[in-house]
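Here is the file coords03.txt (compact mmCIF, C-alpha atoms).
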# COMPACT_ATOMS: atom_id res chain seq x y z
CA MET D 160 0.00 0.00 0.00
CA ALA D 161 1.30 3.46 -0.90
CA ASP D 162 2.17 5.98 1.79
CA ILE D 163 -0.22 8.86 2.51
CA PRO D 164 1.01 12.16 1.02
CA ASP D 165 2.44 14.59 3.58
CA THR D 166 -0.22 17.24 2.97
CA LEU D 167 -3.22 14.95 3.61
CA VAL D 168 -4.74 14.27 7.00
CA LEU D 169 -7.03 11.23 6.86
CA LYS D 170 -9.39 12.35 9.63
CA ARG D 171 -10.04 15.65 7.88
CA HIS D 172 -9.85 14.78 4.16
CA ARG D 173 -11.24 11.24 4.10
CA ASP D 174 -13.47 11.13 7.16
CA LEU D 175 -14.51 14.84 6.88
CA GLU D 176 -14.04 15.34 10.62
CA GLY D 177 -14.93 18.90 11.60
CA MET D 178 -16.47 19.59 8.17
CA ARG D 179 -20.05 18.40 8.69
CA ASN D 180 -21.45 21.98 8.51
CA THR D 181 -19.76 22.72 5.17
CA LEU D 182 -21.37 19.61 3.72
CA TRP D 183 -24.84 21.16 4.13
CA TRP D 184 -23.66 24.42 2.51
CA ARG D 185 -22.43 22.46 -0.50
CA ARG D 186 -25.72 20.60 -0.77
CA GLY D 187 -27.64 23.88 -0.48
CA VAL D 188 -25.65 25.55 -3.27
CA LEU D 189 -26.05 22.48 -5.49
CA SER D 190 -29.82 22.47 -4.78
CA LEU D 191 -30.12 26.16 -5.72
CA LEU D 192 -28.27 25.51 -8.97
CA THR D 193 -30.59 22.59 -9.72
CA VAL D 194 -33.70 24.74 -9.07
CA PHE D 195 -32.28 27.48 -11.35
CA LEU D 196 -31.73 24.95 -14.16
CA LEU D 197 -35.23 23.49 -13.75
CA LEU D 198 -36.74 27.00 -13.94
CA GLY D 199 -34.84 27.49 -17.21
CA LEU D 200 -36.27 24.25 -18.58
CA ALA D 201 -39.75 25.46 -17.59
CA ASN D 202 -39.21 28.55 -19.81
CA VAL D 203 -39.23 31.02 -16.92
CA PHE D 204 -36.24 32.83 -18.44
CA GLY D 205 -37.49 33.05 -21.97
CA GLN D 206 -37.29 32.03 -25.54
CA ARG D 207 -40.60 30.21 -26.02
CA PRO D 208 -42.76 32.45 -28.24
CA SER D 209 -46.40 33.31 -27.66
CA THR D 210 -49.06 34.78 -29.93
CA ALA D 211 -50.72 38.17 -29.46
CA VAL D 212 -53.70 39.06 -31.66
CA ALA D 213 -55.56 42.27 -32.48
CA SER D 214 -58.57 42.41 -34.80
CA THR D 215 -60.75 45.06 -36.40
CA ARG D 216 -63.19 45.04 -39.31
CA VAL D 217 -60.35 46.26 -41.53
CA ALA D 218 -57.58 43.79 -40.65
CA ASP D 219 -56.16 41.24 -38.20
CA LEU D 220 -52.62 41.31 -36.84
CA LYS D 221 -50.98 38.30 -35.20
CA LEU D 222 -47.60 38.69 -33.52
CA TYR D 223 -45.66 35.53 -32.72
CA ALA D 224 -42.60 36.33 -30.55
CA PRO D 225 -41.20 35.57 -27.08
CA THR D 226 -42.04 37.87 -24.15
CA HIS D 227 -39.18 36.67 -21.92
CA LEU D 228 -35.63 37.07 -23.22
CA ARG D 229 -32.09 36.73 -21.90
CA GLY D 230 -28.77 38.24 -22.92
CA GLY D 231 -27.24 36.74 -26.07
CA LEU D 232 -30.49 35.08 -27.18
CA LEU D 233 -31.27 34.87 -30.90
CA PHE D 234 -35.01 35.03 -31.55
CA SER D 235 -37.54 35.63 -34.32
CA ALA D 236 -40.74 37.64 -34.50
CA ARG D 237 -43.47 36.99 -37.06
CA PHE D 238 -45.99 39.72 -37.93
CA HIS D 239 -48.97 38.26 -39.82
CA ILE D 240 -51.37 40.81 -41.34
CA HIS D 241 -54.65 39.60 -42.81
CA ALA D 242 -56.62 42.30 -44.61
CA HIS D 243 -60.44 42.12 -44.51
CA ARG D 244 -60.56 45.32 -46.56
CA GLU D 245 -57.94 46.63 -48.95
CA LEU D 246 -54.88 48.24 -47.29
CA LYS D 247 -53.45 50.69 -49.83
CA LYS D 248 -50.38 51.63 -47.81
CA ALA D 249 -49.91 49.12 -44.97
CA THR D 250 -47.41 50.37 -42.41
CA LEU D 251 -46.13 48.51 -39.37
CA VAL D 252 -44.92 50.79 -36.54
CA LEU D 253 -42.78 49.29 -33.74
CA ASP D 254 -42.00 50.83 -30.34
CA PRO D 255 -38.34 51.66 -29.59
CA GLY D 256 -38.30 48.69 -27.18
CA TRP D 257 -37.94 46.40 -30.19
CA LEU D 258 -34.45 47.77 -30.85
CA GLU D 259 -33.12 49.07 -27.53
CA GLY D 260 -30.32 46.75 -26.46
CA MET D 261 -30.98 44.45 -29.41
CA ALA D 262 -29.53 43.91 -32.84
CA VAL D 263 -31.73 43.30 -35.89
CA ASN D 264 -30.16 40.49 -37.87
CA THR D 265 -32.60 40.31 -40.77
CA ILE D 266 -35.99 41.49 -42.01
CA GLU D 267 -37.77 39.37 -44.62
CA PRO D 268 -39.28 40.28 -46.98
CA SER D 269 -37.60 43.65 -47.08
CA PRO D 270 -40.09 46.47 -46.53
CA LEU D 271 -40.61 49.03 -49.29
CA GLY D 272 -39.36 51.73 -46.93
CA GLU D 273 -38.17 52.35 -43.39
CA ALA D 274 -38.54 55.52 -41.38
CA SER D 275 -38.77 56.99 -37.91
CA ALA D 276 -42.34 57.76 -36.86
CA ASN D 277 -42.05 60.05 -33.84
CA GLY D 278 -39.20 57.94 -32.43
CA ARG D 279 -40.72 54.61 -33.41
CA LEU D 280 -39.56 52.35 -36.24
CA SER D 281 -41.90 52.41 -39.25
CA PHE D 282 -41.96 49.83 -42.05
CA ASP D 283 -43.86 50.60 -45.27
CA LEU D 284 -45.23 47.26 -46.47
CA GLY D 285 -47.22 48.49 -49.47
CA HIS D 286 -50.52 47.22 -50.85
CA VAL D 287 -52.35 44.31 -49.19
CA PRO D 288 -55.52 43.36 -51.14
CA ALA D 289 -58.73 42.43 -49.29
CA GLY D 290 -58.73 38.77 -48.28
CA GLN D 291 -54.93 38.52 -48.66
CA SER D 292 -52.16 38.22 -46.05
CA PHE D 293 -48.73 39.73 -45.58
CA ILE D 294 -46.16 38.10 -43.28
CA LEU D 295 -43.06 39.94 -42.07
CA PHE D 296 -40.27 38.03 -40.32
CA MET D 297 -37.65 39.74 -38.16
CA GLN D 298 -34.69 38.09 -36.44
CA PHE D 299 -33.06 39.71 -33.42
CA GLN D 300 -30.24 39.13 -30.98
CA VAL D 301 -30.37 40.44 -27.43
CA ASN D 302 -27.16 42.22 -26.51
CA PRO D 303 -25.51 40.38 -23.58
CA THR D 304 -25.24 43.62 -21.58
CA ASN D 305 -28.97 44.38 -22.02
CA ILE D 306 -30.73 44.16 -18.65
CA ALA D 307 -34.18 45.73 -18.76
CA TRP D 308 -36.78 44.01 -16.66
CA HIS D 309 -39.76 45.50 -18.49
CA ARG D 310 -39.70 47.13 -21.90
CA SER D 311 -42.64 48.16 -24.07
CA GLN D 312 -42.85 46.45 -27.46
CA ASP D 313 -46.14 47.74 -28.83
CA VAL D 314 -46.96 47.19 -32.51
CA GLU D 315 -49.28 49.41 -34.55
CA LEU D 316 -50.76 48.70 -37.97
CA ASP D 317 -51.62 51.74 -40.10
CA ASP D 318 -53.03 52.29 -43.56
CA GLY D 319 -51.26 55.46 -44.63
CA ALA D 320 -52.08 58.03 -41.94
CA THR D 321 -55.03 56.00 -40.55
CA LYS D 322 -54.36 53.93 -37.45
CA ILE D 323 -56.05 50.54 -37.78
CA LEU D 324 -55.06 48.59 -34.66
CA THR D 325 -52.47 48.22 -31.90
CA ILE D 326 -51.02 45.25 -30.03
CA ARG D 327 -49.85 46.26 -26.56
CA ARG D 328 -47.14 44.04 -25.14
CA SER D 329 -44.03 44.20 -23.04
CA VAL D 330 -40.95 42.07 -22.83
CA ILE D 331 -38.80 41.05 -19.87
CA VAL D 332 -35.04 40.78 -20.41
CA PHE D 333 -33.11 38.62 -17.95
CA PRO D 334 -29.33 38.94 -17.52
The structure in this file should be written as structure tokens.
Amino acid sequence: MADIPDTLVLKRHRDLEGMRNTLWWRRGVLSLLTVFLLLGLANVFGQRPSTAVASTRVADLKLYAPTHLRGGLLFSARFHIHAHRELKKATLVLDPGWLEGMAVNTIEPSPLGEASANGRLSFDLGHVPAGQSFILFMQFQVNPTNIAWHRSQDVELDDGATKILTIRRSVIVFP
């Protein structure tokens, strides 16, 4: 049998004599880590998208995007417009919360025009005939340093200067 190294004391290192209290601290920290991981699996910290809907006699708007995000997350948002009546100049207007602390990776199909509408992002989508749909996809990435517990991400659908409908929503960004 090999000799015990000089720096080891069997009663302390093997038998854990005098270290019974630290054992419970270790178990507690490991339990907290396990609970944190289970909460992540239950989608408490984001990524799973949900659908928000607004309807009028003129058009319907469905927004499919997550409401809980975390730093570094890549996510997509789908804006589905269904026109009941003709939209001559459909415009989607997004609150600044859609871009604060986030990077836009892509917008498909590309809007006809982009502008600032009183500090909000405005996309000119063009003509949407009655009974037809228009779907806009946007991909984002949350900046890792972005920590904003609640941020407004309202979406407005306009036809030219006429406001048709609004989806009110907010997003939570976890560190």
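Those residues that approach Ile331 in chain D to within 8 Å, counting only C-alpha atoms, are Thr226, His227, Leu228, Ala307, Trp308, His309 and Arg310 of chain D; same-chain residues fewer than 5 positions away are not listed.
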Please dump the current selection as a short mmCIF file (atom, residue, chain, number, x, y, z; two decimals), keeping the file's coordinate frame; keep C-alpha atoms.
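After the write, selection_37.cif holds the following:
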data_model
loop_
_atom_site.label_atom_id
_atom_site.label_comp_id
_atom_site.auth_asym_id
_atom_site.auth_seq_id
_atom_site.Cartn_x
_atom_site.Cartn_y
_atom_site.Cartn_z
CA THR D 226 -42.04 37.87 -24.15
CA HIS D 227 -39.18 36.67 -21.92
CA LEU D 228 -35.63 37.07 -23.22
CA ALA D 307 -34.18 45.73 -18.76
CA TRP D 308 -36.78 44.01 -16.66
CA HIS D 309 -39.76 45.50 -18.49
CA ARG D 310 -39.70 47.13 -21.90
#
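Between CA of Val314 in chain D and CA of Ala242 in chain D the separation is 16.2 Å.
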| Which residue, D:Ser190, D:Ser292, D:Thr215, D:Asn305, has the smallest gap to Phe238 in chain D when you use all atoms listed in the file? | D:Ser292
| For Ile306 in chain D, the nearest of the candidates D:Ala274, D:Leu280, D:Val287, D:Met261, counting only C-alpha atoms | D:Met261
| query | Which residue, D:Ile326, D:Met297, D:Ala161, D:Leu246, has the smallest gap to Ser269 in chain D when you use all atoms listed in the file? | reply | D:Met297
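The environment of Leu253 in chain D within 10 Å, counting only C-alpha atoms and disregarding residues fewer than 3 places along the same chain, consists of Thr250, Gly256, Trp257, Leu258, Ser275, Ala276, Gly278, Arg279, Leu280, Ser281, Phe282, Ser311, Gln312, Asp313, Val314, Glu315, Leu316, Thr325 and Ile326 of chain D.
With all atoms listed in the file as the atoms that count, the minimum distance from Pro303 in chain D to the choices D:Phe333, D:Asn277, D:Asp254, D:Ala320 is reached by D:Phe333.
Going from CA of His241 in chain D to CA of Ala211 in chain D covers 14.0 Å.
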| Nearest to Val330 in chain D, chosen from D:Val301, D:Val194, D:Ala218, D:Val188, with only C-alpha atoms counted in the distances | D:Val301
